[in-house]
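> I'd like to ask some things about the structure below.
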Amino acid sequence: MDEYRRIADRVEAAVRDGRLRPGDRLPPQRVFARRHGIANSTAIRVYGELARRGLVVGEVGRGTFVRAAPPLPGPALAEATGAAPVDLQLNYPVAPGQSELMARALTALSRPDVLAEAVSGPAAATGTPQAREAAAGVLARPGWTPDPERVLFAGNGRQAIAAALSALVPPGGRLGVEALTYPLVKAVAERLGIRLVPLALDDEGVRPDALAAAHRAAPLAAVYLQPTLHNPLSTTAGEERRAALAELLRSLDLTAVEDTTWAFLLPDAPAPLAAHAPERVLLVDSLSKRLAPGLTVGYLVAPGPLRAAVADALRSGAWTAGGLALAAATRWAADGTVTEAAAAKRAETRARHALVLRRLDGHALRTSPHAYYCWWELPAPWRAETFTAAAAARAGVAVTPGSAFAVGPGSAPDAVRVGLASPPREVLDAALARLAALAAEPGAPAG
């Protein structure tokens, strides 16, 4: 067993037997590493494993805390689910026949001569001319197609984000982010020593006045944005908002990282921010959601002056794509697999959205018929952490508390993100029904 899992097991045992109690604060990761005689990187993995198990929650600026009620195995869980817990935290959509679609390209790659070339080593950050052309086709939107010569490749979307932030923001630098942001960005920033600055939101995402004020207070090195189907709020910025942000980036001499990972679900969305200010926007995307996370690549479309720096970050971070994955992705783009799978996943969102509206009718929801997630503002007196723990322990359903997305101390809302993508539709429907029943329990604890 890996060392970090053994240490996580010991911490879990301390939680189960009461030596660590709900609300107890764990030491900072560097202190934890020193006490256990392990590397800082191992301590980071321990804390990540504890969070994955639902035992702790981290709050930016405050630390890592034992959860109010860690999920416990037992009859209630088994009775509620009839099997394993339903995971509405992970969120990878699967289209019917997806594996058969993907197998076409992999069959071609099984030829010894083709396979030998694909597995000869990691791909260059710049890929190949064929890979760049294919990627440009995948990323194209109405009114915008990226210049293939600006395309770079990472192992996945997470690595693309890490490389972009590493290239743009020095250790100790300030990165503007939406006040509710993709949790991975928080983790990457912590590892790179980047300070996150929360930016106020409205129904179209980041407010330009909030971005300008944050930059005036102390210069930002860059800003990370999700203008299309924001995760977790599902908001999409309109054309005027994108144009205003683009003009603001120019006037502030600021570069944005635009994350379009979920944008394929909304093909008629306005052109990306990168189309409005190509010299000021570094776009990141991947095939993880369009196809599958197990064999994927990440894409970066870098402004010309930044291309070399981003490529260097990919190489130095060991974040470049594998040769086999890049060869498969290039074939999937060329033979229509990506297009077909994406269309099937777009069609599926509408059916899953209907389940949410039916099961959570009357609740405060923020979602979109094009999104694979919804943001649920919990009814009083539920607190997000207490509800998350109760959902896992009593309803057999794992959801993500608002604190995972919140930036800044004391800013965690009493809301949860419900992922809609991963379980079969009938399993999702039953899980939503159990969550609705739990939320309606009289005398719900305030946490």
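Identifiers for the structure tokens are assigned positionally: chains receive A, B, ... in sequence, residues are indexed from 1 per chain, and ligands are indexed from 1 in the order shown.
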Taking the DSSP secondary structure from the backbone, can you list the residues of region 136-335 of chain A that are helix (DSSP H, G or I), as a ChimeraX atom specification?
/A:136-139,148-150,157-168,183-192,208-217,239-252,263-265,273-276,304-316,323-334
> Which neighbours of Gly54 (chain A) fall inside 9 Å, counting only C-alpha atoms, when residues of the same chain fewer than 3 positions from it are skipped, and could you give them as a list in words?
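Those residues are Glu49, Leu50, Ala51, Val57, Arg67, Pro70, Pro71, Thr388, Ala389, Ala392 and Ala398 of chain A.
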> Write the residues of the selection above to a file with N, CA, C and O atoms, as a PDB file, in the first residue's frame.

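The resulting file, result-v9.pdb, is shown below:
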```
ATOM      1  N   GLU A  49      -6.403  12.600   0.146  1.00  0.00           N
ATOM      2  CA  GLU A  49      -7.075  11.323   0.365  1.00  0.00           C
ATOM      3  C   GLU A  49      -8.120  11.438   1.478  1.00  0.00           C
ATOM      4  O   GLU A  49      -9.228  10.883   1.371  1.00  0.00           O
ATOM      5  N   LEU A  50      -7.798  12.167   2.534  1.00  0.00           N
ATOM      6  CA  LEU A  50      -8.771  12.357   3.613  1.00  0.00           C
ATOM      7  C   LEU A  50      -9.994  13.109   3.117  1.00  0.00           C
ATOM      8  O   LEU A  50     -11.135  12.793   3.492  1.00  0.00           O
ATOM      9  N   ALA A  51      -9.778  14.118   2.270  1.00  0.00           N
ATOM     10  CA  ALA A  51     -10.912  14.859   1.700  1.00  0.00           C
ATOM     11  C   ALA A  51     -11.734  13.954   0.793  1.00  0.00           C
ATOM     12  O   ALA A  51     -12.970  13.999   0.798  1.00  0.00           O
ATOM     13  N   VAL A  57     -12.462  18.714   5.554  1.00  0.00           N
ATOM     14  CA  VAL A  57     -12.770  19.754   4.579  1.00  0.00           C
ATOM     15  C   VAL A  57     -11.763  20.874   4.759  1.00  0.00           C
ATOM     16  O   VAL A  57     -11.395  21.229   5.886  1.00  0.00           O
ATOM     17  N   ARG A  67     -14.629  16.822   9.535  1.00  0.00           N
ATOM     18  CA  ARG A  67     -15.997  17.167   9.155  1.00  0.00           C
ATOM     19  C   ARG A  67     -16.952  16.982  10.320  1.00  0.00           C
ATOM     20  O   ARG A  67     -16.698  16.233  11.268  1.00  0.00           O
ATOM     21  N   PRO A  70     -18.420  12.596   9.875  1.00  0.00           N
ATOM     22  CA  PRO A  70     -17.819  11.813   8.810  1.00  0.00           C
ATOM     23  C   PRO A  70     -18.709  10.655   8.401  1.00  0.00           C
ATOM     24  O   PRO A  70     -19.376  10.055   9.237  1.00  0.00           O
ATOM     25  N   PRO A  71     -18.754  10.351   7.097  1.00  0.00           N
ATOM     26  CA  PRO A  71     -19.620   9.266   6.636  1.00  0.00           C
ATOM     27  C   PRO A  71     -19.187   7.934   7.209  1.00  0.00           C
ATOM     28  O   PRO A  71     -18.014   7.589   7.164  1.00  0.00           O
ATOM     29  N   THR A 388     -23.834  17.499   3.784  1.00  0.00           N
ATOM     30  CA  THR A 388     -22.977  16.625   2.986  1.00  0.00           C
ATOM     31  C   THR A 388     -22.690  15.327   3.726  1.00  0.00           C
ATOM     32  O   THR A 388     -22.740  14.228   3.152  1.00  0.00           O
ATOM     33  N   ALA A 389     -22.362  15.451   5.016  1.00  0.00           N
ATOM     34  CA  ALA A 389     -22.086  14.260   5.817  1.00  0.00           C
ATOM     35  C   ALA A 389     -23.338  13.410   5.977  1.00  0.00           C
ATOM     36  O   ALA A 389     -23.286  12.178   5.880  1.00  0.00           O
ATOM     37  N   ALA A 392     -24.200  11.421   2.797  1.00  0.00           N
ATOM     38  CA  ALA A 392     -23.387  10.225   2.607  1.00  0.00           C
ATOM     39  C   ALA A 392     -23.766   9.131   3.595  1.00  0.00           C
ATOM     40  O   ALA A 392     -23.891   7.956   3.232  1.00  0.00           O
ATOM     41  N   ALA A 398     -23.046  10.980  -2.246  1.00  0.00           N
ATOM     42  CA  ALA A 398     -21.940  11.918  -2.030  1.00  0.00           C
ATOM     43  C   ALA A 398     -22.132  13.151  -2.891  1.00  0.00           C
ATOM     44  O   ALA A 398     -22.254  13.049  -4.115  1.00  0.00           O
TER      45      ALA A 398
END
```
> Counting only C-alpha atoms, figure out which residue out of A:Val418, A:Ala347, A:Ala33, A:Ala328 gets nearest to Leu106 (chain A).
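With only C-alpha atoms as the atom set, the closest residue is A:Ala328.
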> Nearest to Val185 (chain A): which of A:Gly63, A:Pro293, A:Gly157, A:Pro267 is it, counting only C-alpha atoms?
A:Gly157
> From the set A:Val66, A:Leu233, A:Ala210, A:Ala243, which residue has the shortest atom-to-atom contact distance to Gly402 (chain A), counting only C-alpha atoms?
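Of the candidates, the smallest distance to Gly402 (chain A) is held by A:Leu233.
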> For region 307-318 of chain A, work out the shell of residues within 10 Å, counting only C-alpha atoms and skipping chain neighbours fewer than 2 positions away, then give it as a list in words.
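Once the nearby chain positions are removed, what remains is Pro122, Ala124, Ala125, Thr126, Glu149, Arg150, Val151, Leu152, Phe153, Ala154, Gly155, Gln159, Ala160, Ala162, Ala163, Ala164, Leu165, Ser166, Ala167, Leu168, Leu282, Leu300, Val301, Ala302, Pro303, Gly304, Pro305, Thr320 and Ala321 of chain A.
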> Selected residues, C-alpha atoms, written as a compact mmCIF listing (two decimals), in the first residue's frame, please.

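So part-v3.txt came out as:
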```txt
# COMPACT_ATOMS: atom_id res chain seq x y z
CA PRO A 122 6.19 11.58 -24.38
CA ALA A 124 6.40 17.38 -27.40
CA ALA A 125 4.43 20.24 -25.88
CA THR A 126 3.78 21.42 -29.44
CA GLU A 149 0.32 27.15 -34.44
CA ARG A 150 -0.77 28.47 -31.03
CA VAL A 151 -1.99 25.09 -29.78
CA LEU A 152 -0.04 23.22 -27.09
CA PHE A 153 -0.76 19.88 -25.41
CA ALA A 154 -0.90 18.67 -21.81
CA GLY A 155 -1.65 15.27 -20.35
CA GLN A 159 -2.28 19.77 -16.17
CA ALA A 160 -3.15 22.40 -18.76
CA ALA A 162 -1.38 24.01 -13.84
CA ALA A 163 0.96 24.85 -16.71
CA ALA A 164 -0.96 28.02 -17.56
CA LEU A 165 -0.88 29.30 -13.98
CA SER A 166 2.76 28.32 -13.55
CA ALA A 167 3.70 30.29 -16.67
CA LEU A 168 1.70 33.39 -15.75
CA LEU A 282 -4.81 31.75 -22.74
CA LEU A 300 -3.86 25.19 -24.48
CA VAL A 301 -4.23 27.99 -27.00
CA ALA A 302 -1.56 30.49 -26.02
CA PRO A 303 -1.06 34.07 -27.21
CA GLY A 304 2.00 34.21 -29.43
CA PRO A 305 4.31 35.98 -26.94
CA THR A 320 3.09 17.13 -21.58
CA ALA A 321 0.77 14.59 -23.19
```
> I'd like the interatomic distance between CA of Ile194 (chain A) and CA of Ile7 (chain A), to a tenth of an Å.
27.2 Å
> Considering only C-alpha atoms, state which residue in the set A:Val356, A:Leu291, A:Leu211, A:Ala187 is at the smallest distance from Ala329 (chain A).
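Closest to Ala329 (chain A), using only C-alpha atoms: A:Leu291.
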> Among the residues of region 370-422 of chain A, find those DSSP assigns to strand (DSSP E) from the backbone and print them as a ChimeraX atom specification.
/A:373-377,397-398,400-401,415-419
> Store the residues picked out above, limited to N, CA and C atoms, as a JSON list (two decimals), in the first residue's frame.

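The result, stored in result_26.json:
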```
[["chain", "number", "residue", "atom", "x", "y", "z"],
["A", 373, "TYR", "N", -24.41, 19.67, -13.84],
["A", 373, "TYR", "CA", -24.31, 19.92, -12.41],
["A", 373, "TYR", "C", -25.33, 20.99, -12.04],
["A", 374, "CYS", "N", -25.67, 21.02, -10.76],
["A", 374, "CYS", "CA", -26.54, 22.09, -10.27],
["A", 374, "CYS", "C", -26.02, 22.56, -8.91],
["A", 375, "TRP", "N", -26.29, 23.82, -8.62],
["A", 375, "TRP", "CA", -25.89, 24.46, -7.37],
["A", 375, "TRP", "C", -27.14, 24.61, -6.53],
["A", 376, "TRP", "N", -27.16, 23.96, -5.37],
["A", 376, "TRP", "CA", -28.36, 23.87, -4.55],
["A", 376, "TRP", "C", -28.13, 24.64, -3.26],
["A", 377, "GLU", "N", -28.84, 25.76, -3.09],
["A", 377, "GLU", "CA", -28.79, 26.52, -1.84],
["A", 377, "GLU", "C", -29.74, 25.85, -0.86],
["A", 397, "VAL", "N", -25.44, 9.08, -0.59],
["A", 397, "VAL", "CA", -25.17, 9.91, -1.76],
["A", 397, "VAL", "C", -24.06, 10.90, -1.41],
["A", 398, "ALA", "N", -23.05, 10.98, -2.25],
["A", 398, "ALA", "CA", -21.94, 11.92, -2.03],
["A", 398, "ALA", "C", -22.13, 13.15, -2.89],
["A", 400, "THR", "N", -20.89, 17.61, -3.11],
["A", 400, "THR", "CA", -19.75, 18.47, -2.79],
["A", 400, "THR", "C", -20.22, 19.72, -2.06],
["A", 401, "PRO", "N", -19.68, 20.00, -0.87],
["A", 401, "PRO", "CA", -20.11, 21.19, -0.13],
["A", 401, "PRO", "C", -19.61, 22.47, -0.77],
["A", 415, "ALA", "N", -24.54, 25.71, 0.61],
["A", 415, "ALA", "CA", -24.99, 25.16, -0.65],
["A", 415, "ALA", "C", -24.12, 23.96, -1.00],
["A", 416, "VAL", "N", -24.62, 23.12, -1.89],
["A", 416, "VAL", "CA", -23.85, 21.98, -2.37],
["A", 416, "VAL", "C", -23.94, 21.93, -3.89],
["A", 417, "ARG", "N", -22.88, 21.38, -4.49],
["A", 417, "ARG", "CA", -22.96, 21.08, -5.92],
["A", 417, "ARG", "C", -23.34, 19.62, -6.08],
["A", 418, "VAL", "N", -24.33, 19.40, -6.92],
["A", 418, "VAL", "CA", -24.80, 18.05, -7.23],
["A", 418, "VAL", "C", -24.36, 17.72, -8.65],
["A", 419, "GLY", "N", -23.45, 16.77, -8.79],
["A", 419, "GLY", "CA", -23.01, 16.34, -10.11],
["A", 419, "GLY", "C", -24.02, 15.39, -10.72]]
```
> If you count only C-alpha atoms, which residues fall within 7 Å of Pro369 (chain A), apart from same-chain ones fewer than 3 positions away, as a ChimeraX atom specification?
/A:349-350,353
> Write to file, as an mmCIF file, in the first residue's frame, the residues of the selection just made, with all heavy atoms.

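What landed in part_0.cif:
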```cif
data_model
loop_
_atom_site.group_PDB
_atom_site.id
_atom_site.type_symbol
_atom_site.label_atom_id
_atom_site.label_comp_id
_atom_site.auth_asym_id
_atom_site.auth_seq_id
_atom_site.Cartn_x
_atom_site.Cartn_y
_atom_site.Cartn_z
ATOM 1 N N THR A 349 -27.974 15.924 -21.401
ATOM 2 C CA THR A 349 -28.113 16.922 -20.331
ATOM 3 C C THR A 349 -29.568 17.305 -20.107
ATOM 4 O O THR A 349 -29.978 17.542 -18.962
ATOM 5 C CB THR A 349 -27.304 18.201 -20.639
ATOM 6 O OG1 THR A 349 -27.748 18.769 -21.878
ATOM 7 C CG2 THR A 349 -25.820 17.914 -20.708
ATOM 8 N N ARG A 350 -30.331 17.374 -21.151
ATOM 9 C CA ARG A 350 -31.718 17.827 -21.010
ATOM 10 C C ARG A 350 -32.535 16.848 -20.157
ATOM 11 O O ARG A 350 -33.342 17.260 -19.326
ATOM 12 C CB ARG A 350 -32.344 18.030 -22.386
ATOM 13 C CG ARG A 350 -31.744 19.193 -23.151
ATOM 14 C CD ARG A 350 -32.480 19.461 -24.455
ATOM 15 N NE ARG A 350 -32.154 18.478 -25.479
ATOM 16 C CZ ARG A 350 -31.104 18.552 -26.293
ATOM 17 N NH1 ARG A 350 -30.269 19.579 -26.180
ATOM 18 N NH2 ARG A 350 -30.876 17.634 -27.208
ATOM 19 N N HIS A 353 -31.383 17.229 -16.526
ATOM 20 C CA HIS A 353 -31.881 18.489 -15.981
ATOM 21 C C HIS A 353 -33.351 18.352 -15.570
ATOM 22 O O HIS A 353 -33.771 18.868 -14.523
ATOM 23 C CB HIS A 353 -31.721 19.585 -17.035
ATOM 24 C CG HIS A 353 -32.204 20.926 -16.612
ATOM 25 N ND1 HIS A 353 -31.552 21.712 -15.691
ATOM 26 C CD2 HIS A 353 -33.292 21.651 -16.991
ATOM 27 C CE1 HIS A 353 -32.192 22.846 -15.526
ATOM 28 N NE2 HIS A 353 -33.258 22.832 -16.294
#
```
> Would you pick out the contacts of Ala275 (chain A) at 9 Å or less, using only C-alpha atoms, so that residues sharing its chain but fewer than 5 positions from it are not included, and give the list as a PDB file with all heavy atoms, in the first residue's frame?

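Okay, this is what ended up in around.pdb:
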```
ATOM      1  N   GLY A 143     -17.773  31.401 -35.374  1.00  0.00           N
ATOM      2  CA  GLY A 143     -17.124  32.701 -35.408  1.00  0.00           C
ATOM      3  C   GLY A 143     -15.693  32.703 -34.924  1.00  0.00           C
ATOM      4  O   GLY A 143     -15.041  33.755 -34.905  1.00  0.00           O
ATOM      5  N   TRP A 144     -15.161  31.542 -34.523  1.00  0.00           N
ATOM      6  CA  TRP A 144     -13.780  31.506 -34.023  1.00  0.00           C
ATOM      7  C   TRP A 144     -13.177  30.126 -34.207  1.00  0.00           C
ATOM      8  O   TRP A 144     -13.786  29.114 -33.861  1.00  0.00           O
ATOM      9  CB  TRP A 144     -13.744  31.857 -32.540  1.00  0.00           C
ATOM     10  CG  TRP A 144     -12.359  31.805 -31.938  1.00  0.00           C
ATOM     11  CD1 TRP A 144     -11.369  32.713 -32.061  1.00  0.00           C
ATOM     12  CD2 TRP A 144     -11.825  30.757 -31.098  1.00  0.00           C
ATOM     13  NE1 TRP A 144     -10.254  32.332 -31.356  1.00  0.00           N
ATOM     14  CE2 TRP A 144     -10.507  31.132 -30.746  1.00  0.00           C
ATOM     15  CE3 TRP A 144     -12.328  29.572 -30.605  1.00  0.00           C
ATOM     16  CZ2 TRP A 144      -9.690  30.344 -29.945  1.00  0.00           C
ATOM     17  CZ3 TRP A 144     -11.523  28.777 -29.797  1.00  0.00           C
ATOM     18  CH2 TRP A 144     -10.225  29.170 -29.475  1.00  0.00           C
ATOM     19  N   THR A 145     -11.988  30.101 -34.792  1.00  0.00           N
ATOM     20  CA  THR A 145     -11.185  28.885 -34.871  1.00  0.00           C
ATOM     21  C   THR A 145      -9.775  29.260 -34.459  1.00  0.00           C
ATOM     22  O   THR A 145      -9.192  30.205 -35.012  1.00  0.00           O
ATOM     23  CB  THR A 145     -11.163  28.298 -36.290  1.00  0.00           C
ATOM     24  OG1 THR A 145     -12.499  27.965 -36.678  1.00  0.00           O
ATOM     25  CG2 THR A 145     -10.304  27.036 -36.345  1.00  0.00           C
ATOM     26  N   PRO A 146      -9.190  28.563 -33.490  1.00  0.00           N
ATOM     27  CA  PRO A 146      -7.850  28.947 -33.044  1.00  0.00           C
ATOM     28  C   PRO A 146      -6.796  28.694 -34.115  1.00  0.00           C
ATOM     29  O   PRO A 146      -6.937  27.792 -34.954  1.00  0.00           O
ATOM     30  CB  PRO A 146      -7.617  28.050 -31.826  1.00  0.00           C
ATOM     31  CG  PRO A 146      -8.508  26.879 -32.035  1.00  0.00           C
ATOM     32  CD  PRO A 146      -9.707  27.394 -32.748  1.00  0.00           C
ATOM     33  N   VAL A 281      -5.676  36.326 -23.826  1.00  0.00           N
ATOM     34  CA  VAL A 281      -6.370  35.172 -23.247  1.00  0.00           C
ATOM     35  C   VAL A 281      -5.639  33.877 -23.609  1.00  0.00           C
ATOM     36  O   VAL A 281      -5.336  33.622 -24.768  1.00  0.00           O
ATOM     37  CB  VAL A 281      -7.832  35.091 -23.736  1.00  0.00           C
ATOM     38  CG1 VAL A 281      -8.512  33.857 -23.164  1.00  0.00           C
ATOM     39  CG2 VAL A 281      -8.590  36.353 -23.339  1.00  0.00           C
TER      40      VAL A 281
END
```
> As a ChimeraX atom specification, please: the residues near Pro171 (chain A) (cut-off 12 Å, only C-alpha atoms, same-chain neighbours under 5 positions excluded).
/A:165-166,188-196,221
> My list of candidates is A:Pro27, A:Ser422, A:Pro409, A:Ala384. Which is closest to Glu348 (chain A) when distances are computed with only C-alpha atoms?
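Result for the nearest residue to Glu348 (chain A): A:Ser422.
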